[in-house]
Amino acid sequence: MGQPNFWDNQERAQDVVRKLKSLKALTKPLEEAVTADDDLGVMVEMGEEDESLAAEVLPAIETLEKSLEDLEVKALLSGPLDPNSALITINARDGGTDANDWAEMLLRMYLSWAKSNEYDTEILDRQDNEEAGINSATIAVRGPMAYGYLKGEAGIHRLVRISPFNSEGKRQTSFAAVDVSPEVADDVEIEIRDEDLEEQAIRSSGPGGQHVNKTSSAIRLRHIPTNTMVVCQAERSQHKNRLMAMKMLRARLARVEEEKREAEQAAKYTSRPKVGFGSQIRSYFLHPDQRVKDSRTGYYMGSFHSVLDGNIQGFLDAYLRYRVKGEIAGSTEED
């Protein structure tokens with residue numbers, strides 16, 4: 001980074017900065033834990049002679065134990081793509097307008113989590129529903145270990161509540177699908193042949209003034225061999241949208257390769273829930289009581305609104321332990 005021409009290539013420079021942040025996110029808390037351990041030893045020795053200092057030993061131990069737990073979770077982020085930024089795509093599924101509203105609620109949840117953890121975010125694509133909520137959206141979450149933490153969010157998220165869109169006040173179950181891919185740098189080798197690509201220019205939708213109604217600036221790309229499709233309409237320029245769509249497609253294909261690698265490493269990983277009806281990974285209840293439960297790990301929170309405000313770190317950590325170590329947090333009985 002000290003080289004005079006470091007910032008000449010902005011994208012490469014930003015990639016190096018992100019790598020540095022990822023390394024510091026691991027080394028800094030490790031160094032702090034080592035220092036705290038040394039300080040604790042001194043405190044114990046002094047506490048044997050001074051009772052007032054002895055009272056501080058137990059809180060210091062508890063703080064150090066919490067730091068070690070956090071480091072243990074970070075140690076689980078050992079995949080080659082875990083340090084990368086993440087691309088999250090949310091699609092409304094079964095449930096009509098409730099599903100569209102639910103998809104937008106999930107979008108706000110991930111944006112809130114990213115903000116509270118000091119990640120940068122960018123909305124790459126958003127397809128608004130005419131009545132309420134969204135049909136789909138794709139966001140980039142950029143920062144150290146974003147993909148490592150968020151990759152377990154892929155799957156179906158189920159919401160059970162009294163529908164605000166039903167005049168009879170009936171209970172409604174709605175679904176939204178979440179897909180998570182690692183954002184990969186352009187210098188990472190991912191082969192995409194021109195003959196395997198199907199490209200279509202489409203008109204942008206949603207808010208954005210008169211421009212979106214006059215030009216076909218949005219781009220839809222389909223990778224024919226894998227039937228992977230991405231859409232980008234974030235920019236007014238068709239060229240810029242195509243560049244971003246290619247980045248999104250490369251991210252999807254990188255995730256496919258990562259899943260193959262993980263499946264080869266451990267047979268238990270092949271049971272990962274797929275995106276489809278009836279394969280929900282997490283259920284969110286607002287009726288008859290408020291609770292959120294992960295069907296894979298059993299991790300449970302009794303505050304629905306806290307979770308939707310972005311307090312999902314417990315779910316992310318529980319999934320990492322479950323995925324790597326097979327630990328189960330709480331009951332795994334079906335709701």
# chains A, B, ... in the order shown; residues from 1 in each chain; ligands from 1
$ select_by_dssp --residues "range 117-225 of chain A" --states "strand (DSSP E)" --output "PyMOL selection string"
chain A and resi 120-128+134-142+155-162+171-182+197-202+218-223
$ atom_distance --atom1 "CA of Glu122 in chain A" --atom2 "CA of Tyr110 in chain A"
11.6 Å
$ atom_distance --atom1 "CA of Asn117 in chain A" --atom2 "CA of Thr138 in chain A"
19.1 Å
$ atom_distance --atom1 "CA of Lys260 in chain A" --atom2 "CA of Lys24 in chain A"
29.1 Å
$ closest_residue --among "A:Ala25, A:Leu159, A:Ala13, A:Leu107" --to "Asp94 in chain A" --atoms "only C-alpha atoms"
A:Leu159
$ closest_residue --among "A:Ala251, A:Leu77, A:Val141, A:Leu64" --to "Glu191 in chain A" --atoms "only C-alpha atoms"
A:Ala251
$ closest_residue --among "A:Ile192, A:Ile202, A:Val292, A:Ala75" --to "His157 in chain A" --atoms "only C-alpha atoms"
A:Val292
$ closest_atom_pairs --of "range 30-89 of chain A" --to "range 168-188 of chain A" --cutoff "10 Å" --atoms "only C-alpha atoms" --output "JSON lines"
{"residue": "A:Leu81", "atom": "CA", "partner": "A:Pro182", "partner_atom": "CA", "distance": 6.6}
{"residue": "A:Asp82", "atom": "CA", "partner": "A:Pro182", "partner_atom": "CA", "distance": 7.7}
{"residue": "A:Pro83", "atom": "CA", "partner": "A:Pro182", "partner_atom": "CA", "distance": 8.9}
{"residue": "A:Asn84", "atom": "CA", "partner": "A:Pro182", "partner_atom": "CA", "distance": 5.9}
{"residue": "A:Ser85", "atom": "CA", "partner": "A:Glu183", "partner_atom": "CA", "distance": 5.2}
{"residue": "A:Ala86", "atom": "CA", "partner": "A:Pro182", "partner_atom": "CA", "distance": 4.6}
{"residue": "A:Leu87", "atom": "CA", "partner": "A:Ser181", "partner_atom": "CA", "distance": 5.1}
{"residue": "A:Ile88", "atom": "CA", "partner": "A:Val180", "partner_atom": "CA", "distance": 4.6}
{"residue": "A:Thr89", "atom": "CA", "partner": "A:Asp179", "partner_atom": "CA", "distance": 5.1}
$ write_last_selection --atoms "N, CA, C and O atoms" --output "PDB file, in the first residue's frame"
ATOM      1  N   LEU A  81     -13.125 -18.519   0.454  1.00  0.00           N
ATOM      2  CA  LEU A  81     -13.922 -17.357   0.062  1.00  0.00           C
ATOM      3  C   LEU A  81     -14.559 -16.652   1.257  1.00  0.00           C
ATOM      4  O   LEU A  81     -15.218 -15.626   1.085  1.00  0.00           O
ATOM      5  N   ASP A  82     -14.378 -17.195   2.463  1.00  0.00           N
ATOM      6  CA  ASP A  82     -14.988 -16.599   3.651  1.00  0.00           C
ATOM      7  C   ASP A  82     -14.584 -15.148   3.884  1.00  0.00           C
ATOM      8  O   ASP A  82     -15.395 -14.348   4.343  1.00  0.00           O
ATOM      9  N   PRO A  83     -13.338 -14.740   3.596  1.00  0.00           N
ATOM     10  CA  PRO A  83     -12.970 -13.335   3.837  1.00  0.00           C
ATOM     11  C   PRO A  83     -13.631 -12.346   2.879  1.00  0.00           C
ATOM     12  O   PRO A  83     -13.582 -11.136   3.121  1.00  0.00           O
ATOM     13  N   ASN A  84     -14.270 -12.840   1.814  1.00  0.00           N
ATOM     14  CA  ASN A  84     -14.802 -11.960   0.774  1.00  0.00           C
ATOM     15  C   ASN A  84     -16.031 -11.199   1.221  1.00  0.00           C
ATOM     16  O   ASN A  84     -16.696 -11.554   2.191  1.00  0.00           O
ATOM     17  N   SER A  85     -16.335 -10.151   0.469  1.00  0.00           N
ATOM     18  CA  SER A  85     -17.615  -9.473   0.621  1.00  0.00           C
ATOM     19  C   SER A  85     -18.719 -10.393   0.096  1.00  0.00           C
ATOM     20  O   SER A  85     -18.453 -11.400  -0.550  1.00  0.00           O
ATOM     21  N   ALA A  86     -19.973 -10.028   0.386  1.00  0.00           N
ATOM     22  CA  ALA A  86     -21.092 -10.905   0.049  1.00  0.00           C
ATOM     23  C   ALA A  86     -22.114 -10.189  -0.823  1.00  0.00           C
ATOM     24  O   ALA A  86     -22.332  -8.979  -0.692  1.00  0.00           O
ATOM     25  N   LEU A  87     -22.742 -10.949  -1.701  1.00  0.00           N
ATOM     26  CA  LEU A  87     -23.878 -10.480  -2.483  1.00  0.00           C
ATOM     27  C   LEU A  87     -25.106 -11.251  -2.024  1.00  0.00           C
ATOM     28  O   LEU A  87     -25.140 -12.482  -2.096  1.00  0.00           O
ATOM     29  N   ILE A  88     -26.099 -10.535  -1.518  1.00  0.00           N
ATOM     30  CA  ILE A  88     -27.325 -11.152  -1.009  1.00  0.00           C
ATOM     31  C   ILE A  88     -28.474 -10.846  -1.962  1.00  0.00           C
ATOM     32  O   ILE A  88     -28.739  -9.676  -2.265  1.00  0.00           O
ATOM     33  N   THR A  89     -29.152 -11.887  -2.442  1.00  0.00           N
ATOM     34  CA  THR A  89     -30.331 -11.724  -3.285  1.00  0.00           C
ATOM     35  C   THR A  89     -31.548 -12.257  -2.540  1.00  0.00           C
ATOM     36  O   THR A  89     -31.522 -13.375  -2.017  1.00  0.00           O
TER      37      THR A  89
END
$ residues_around --residues "His287 in chain A" --least-positions-apart "6" --cutoff "8 Å" --atoms "only C-alpha atoms" --output "PyMOL selection string"
chain A and resi 160-162+171
$ write_last_selection --atoms "N, CA, C and O atoms" --output "compact mmCIF listing (two decimals), in the first residue's frame"
# COMPACT_ATOMS: atom_id res chain seq x y z
N VAL A 160 -44.79 -16.09 9.92
CA VAL A 160 -46.16 -16.38 10.33
C VAL A 160 -46.67 -15.18 11.14
O VAL A 160 -46.08 -14.83 12.17
N ARG A 161 -47.75 -14.55 10.68
CA ARG A 161 -48.28 -13.36 11.36
C ARG A 161 -49.73 -13.13 10.95
O ARG A 161 -50.23 -13.77 10.02
N ILE A 162 -50.40 -12.22 11.66
CA ILE A 162 -51.71 -11.74 11.23
C ILE A 162 -51.48 -10.77 10.09
O ILE A 162 -50.80 -9.76 10.25
N ARG A 171 -54.55 -15.28 9.98
CA ARG A 171 -53.12 -15.58 10.06
C ARG A 171 -52.61 -15.98 8.69
O ARG A 171 -53.25 -16.75 7.98
$ closest_residue --among "A:Ser136, A:Leu40, A:Gly155, A:Gln313" --to "Ala54 in chain A" --atoms "only C-alpha atoms"
A:Leu40
$ closest_residue --among "A:Ala234, A:Ile190, A:Asn241, A:Leu320" --to "Glu257 in chain A" --atoms "only C-alpha atoms"
A:Ile190
$ closest_residue --among "A:Pro4, A:Gly143, A:Gly79, A:Gly96" --to "Arg18 in chain A" --atoms "only C-alpha atoms"
A:Gly143
$ select_by_dssp --residues "range 284-324 of chain A" --states "alpha helix (DSSP H)" --output "MDAnalysis selection string"
chainID A and resid 304:308 313:324
